[in-house]
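**Q** Got a structure here, written out as structure tokens. Questions coming.
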Amino acid sequence: MIRLGERICGRESFTAKALGLLPAYNVYRKTYTLLRESQRWSREELAAYQAQALSRLLDHAYRNVPYYRRVFQERGLVPEDIRTPDDLVLLPFLTKEIVQANLPDLKARNYPESAFEYVTTGGSTGIPVGFYYEKGVSRAREWAFMKTQWDRVGYRFTDRCVVLRGYIVGSARDGVFWKKTLCGRWLLMSSHHMTEETLPAYIDRIKRFKPRFIQGYPSTAVILARHMREHGIEPFPTVKAVLCGSENLYPWQRDLLEEVFGCRVFSWYGNSEQTVLAGECEESTHYHIFPEYGIVELIGRDGRPVEGPGAMGEVVATNLTNFVCPLIRYRTMDLATAAGRGCSCGRNYPVLERVEGRVQDFIVTGKGELLSGIAMNIDTNAFDNVKQFQFYQMKVGEVILNIVRKPTFSKQDAEYLYREVSRSCGDDVLITIRYVDNIPLTARGKYRYFVQDLPIHFSEREGGGVEHVSSDLLA
């Protein structure tokens with residue numbers, strides 16, 4: 001997204017001609033124009049669009065993608081047998097393991113090799129996956145969707161934006177940990193150098209930059225926010241919203257960010273595979289799924305669609321735009337909860353009440369139940385003298401809480417922290433506090449609050465579930 005964004009200047013135009021990016025610009029403009037119109041379509045119009053897009057995708061996959069040709073033939077199907085999204089149940093799920101084992105056969109044969117851009121996920125679910133974007137197209141289209149989402153909170157290309165994501169910028173030698181990009185509109189700030197010693201310089205630079213938005217990983221923005229709260233620093237007066245993505249946004253993080261920055265926190269949900277994209281709107285914190293982007297199913301433990309509001313299922317998604325490497329009924333290993341009704345904003349998009357997080361972000365209790373970090377109150381005042389924390393699980397029903405102590409951390413803090421975390425986790429989880437010097441970021445600069453080393457599966461077909469994990473875990 002940002003690779004393309006770095007070449008964006010002006011109001012809503014690329015310096016495309018000067019940089020030779022006219023094809024990407026055309027893709028962006030065509031997609032953005034569609035989304036500006038389709039967000040006001042009726043349910044019937046959106047359903048008709050999805051059905052037509054799905055038909056095109058399946059016909060292409062059958063004709064040009066060896067893996068899907070084989071899948072259709074093994075089941076005695078032809079693309080015409082799948083007329084609506086509901087008919088996708090005729091096709092099998094596509095897992096990360098299947099993608100790894102069949103990637104050459106997932107490449108469309110009617111594209112030249114120059115059209116393929118190889119991409120990998122960060123492996124936050126425990127299984128890194130390689131796949132392909134369409135070079136010069138996929139990222140341009142993605143940016144059009146992101147711009148449409150950010151329009152909801154008033155973002156414009158002319159706005160200044162501080163970016164707190166996984167970047168390594170500058171060095172300790174010169175004490176400068178940021179750089180301008182996107183024609184000076186964005187200030188990229190290093191997430192790898194944010195310490196008690198350097199954060200005052202970060203804050204001073206943000207004040208002088210006068211951004212209208214802060215965009216970042218929730219965990220990175222929280223580092224800045226906690227420092228500001230602890231030192232009584234006032235909100236940045238120019239910031240109108242905090243744009244959070246690429247990680248799960250926990251309720252305690254939202255509360256902290258809104259308190260410290262004094263503005264709306266806007267969150268979105270997506271993945272590197274570009275199979276699903278959803279975001280909040282002007283009026284609610286529910287996630288509005290883009291039907292133009294892909295088809296989303298919530299699948300329960302039995303492998304069937306979940307029914308009713310409040311039901312939790314695994315996100316299974318079909319991208320409608322990536323023809324070089326189609327991912328159909330892709331198991332994301334993310335869990336989400338369905339919303340009970342549409343949104344008052346007027347968009348007739350399907351809506352998720354909340355995204356529960358990666359399967360690997362759940363704690364397995366002694367009874368084999370899965371405990372979501374969303375439901376845990378893990379940033380009470382018991383953490384006031386804790387610099388960093390992370391839950392780590394190797395055994396069912398047992399969790400190690402790694403903490404980096406502040407100089408003021410005391411024995412009383414340890415006892416209080418133990419009581420509060422034990423209460424949050426319940427009687428079926430044994431908590432052990434372990435003191436560490438630091439908690440490293442991931443290779444992509446993310447800060448993980450949960451590290452799960454157990455082979456958790458959500459579906460019964462894989463031997464596990466929400467209420468009971470696989471038998472090999474309990475042996």
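Naming works like this for the structure tokens: A, B, ... for the chains as they're shown, residue 1 at the start of each chain, ligands 1 onward in shown order.
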As a PyMOL selection string, which residues of range 187-345 of chain A does DSSP assign to strand (DSSP E or B)?
**A** chain A and resi 187-189+213-216+241-244+264-270+277-279+287-289+294-299+305+312-319+330-338
**Q** For C-alpha atoms, I'd like the residues from the last selection saved as a PDB file, in the first residue's frame.
**A**
```
ATOM      1  CA  LEU A 187       6.186  11.406   8.312  1.00  0.00           C
ATOM      2  CA  LEU A 188       7.386   7.805   8.685  1.00  0.00           C
ATOM      3  CA  MET A 189       8.592   7.218  12.240  1.00  0.00           C
ATOM      4  CA  PHE A 213      -3.966  11.968  11.166  1.00  0.00           C
ATOM      5  CA  ILE A 214      -1.860   9.342  12.891  1.00  0.00           C
ATOM      6  CA  GLN A 215      -1.758   6.023  11.085  1.00  0.00           C
ATOM      7  CA  GLY A 216      -0.214   2.956  12.657  1.00  0.00           C
ATOM      8  CA  ALA A 241      -8.348  10.735  13.980  1.00  0.00           C
ATOM      9  CA  VAL A 242      -6.060   7.778  14.610  1.00  0.00           C
ATOM     10  CA  LEU A 243      -6.121   5.187  11.811  1.00  0.00           C
ATOM     11  CA  CYS A 244      -5.373   1.698  13.171  1.00  0.00           C
ATOM     12  CA  ARG A 264     -11.776   9.207  17.106  1.00  0.00           C
ATOM     13  CA  VAL A 265      -9.917   5.933  16.602  1.00  0.00           C
ATOM     14  CA  PHE A 266     -10.778   4.349  13.252  1.00  0.00           C
ATOM     15  CA  SER A 267      -9.915   0.696  12.716  1.00  0.00           C
ATOM     16  CA  TRP A 268      -9.894  -1.578   9.694  1.00  0.00           C
ATOM     17  CA  TYR A 269      -9.363  -5.297   9.146  1.00  0.00           C
ATOM     18  CA  GLY A 270      -7.618  -7.008   6.251  1.00  0.00           C
ATOM     19  CA  LEU A 277     -11.141  -5.903   3.741  1.00  0.00           C
ATOM     20  CA  ALA A 278     -13.490  -4.273   6.237  1.00  0.00           C
ATOM     21  CA  GLY A 279     -13.504  -1.042   8.190  1.00  0.00           C
ATOM     22  CA  TYR A 287     -16.535  -3.518  10.535  1.00  0.00           C
ATOM     23  CA  HIS A 288     -18.187  -2.933   7.140  1.00  0.00           C
ATOM     24  CA  ILE A 289     -17.059  -5.615   4.688  1.00  0.00           C
ATOM     25  CA  GLY A 294     -14.388 -10.174  -1.815  1.00  0.00           C
ATOM     26  CA  ILE A 295     -16.924 -12.621  -0.450  1.00  0.00           C
ATOM     27  CA  VAL A 296     -16.732 -13.362   3.266  1.00  0.00           C
ATOM     28  CA  GLU A 297     -18.145 -16.410   5.015  1.00  0.00           C
ATOM     29  CA  LEU A 298     -18.137 -17.023   8.769  1.00  0.00           C
ATOM     30  CA  ILE A 299     -17.617 -20.740   9.289  1.00  0.00           C
ATOM     31  CA  PRO A 305     -21.855 -21.072   7.980  1.00  0.00           C
ATOM     32  CA  MET A 312     -18.487 -16.349  16.114  1.00  0.00           C
ATOM     33  CA  GLY A 313     -16.828 -18.103  13.195  1.00  0.00           C
ATOM     34  CA  GLU A 314     -13.643 -18.303  11.207  1.00  0.00           C
ATOM     35  CA  VAL A 315     -13.338 -15.786   8.381  1.00  0.00           C
ATOM     36  CA  VAL A 316     -13.257 -17.662   5.062  1.00  0.00           C
ATOM     37  CA  ALA A 317     -12.790 -15.273   2.165  1.00  0.00           C
ATOM     38  CA  THR A 318     -12.790 -15.230  -1.631  1.00  0.00           C
ATOM     39  CA  ASN A 319     -11.010 -12.348  -3.318  1.00  0.00           C
ATOM     40  CA  TYR A 330      -9.397 -19.130   1.813  1.00  0.00           C
ATOM     41  CA  ARG A 331      -9.226 -19.954   5.519  1.00  0.00           C
ATOM     42  CA  THR A 332      -7.730 -16.861   7.134  1.00  0.00           C
ATOM     43  CA  MET A 333      -7.411 -18.367  10.648  1.00  0.00           C
ATOM     44  CA  ASP A 334      -9.045 -15.164  11.916  1.00  0.00           C
ATOM     45  CA  LEU A 335     -12.173 -15.288  14.080  1.00  0.00           C
ATOM     46  CA  ALA A 336     -14.933 -12.710  13.917  1.00  0.00           C
ATOM     47  CA  THR A 337     -18.433 -12.160  15.263  1.00  0.00           C
ATOM     48  CA  ALA A 338     -21.419 -11.396  13.068  1.00  0.00           C
TER      49      ALA A 338
END
```
**Q** Identify, on the basis of only C-alpha atoms, every residue whose closest approach to Val399 in chain A does not exceed 6 Å; exclude the query and any residue fewer than 4 positions from it along the same chain; express the result as a PyMOL selection string.
**A** chain A and resi 392-393+431
**Q** Which residue out of A:Leu454, A:Cys343, A:Leu164, A:Met376 has the minimum interatomic distance to Lys395 in chain A when only C-alpha atoms are used?
**A** A:Leu454
**Q** Restricting the calculation to only C-alpha atoms: of A:Ser410, A:Ala108, A:Ala101, A:Arg304, which residue gets closest to Val89 in chain A?
**A**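 Among the listed residues, the smallest separation from Val89 in chain A belongs to A:Arg304.
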**Q** May I have the residues within 9 Å of range 39-52 of chain A as a ChimeraX atom specification, using only C-alpha atoms and disregarding those fewer than 5 positions away in the same chain?
**A** /A:34,57,83-85,290-292,294-295,320,346-349
**Q** Going by DSSP on the backbone, which residues of range 313-416 of chain A come out as helix (DSSP H, G or I)? List them as number ranges by chain.
**A** A: 359-361, 373-375, 381-383, 411-416
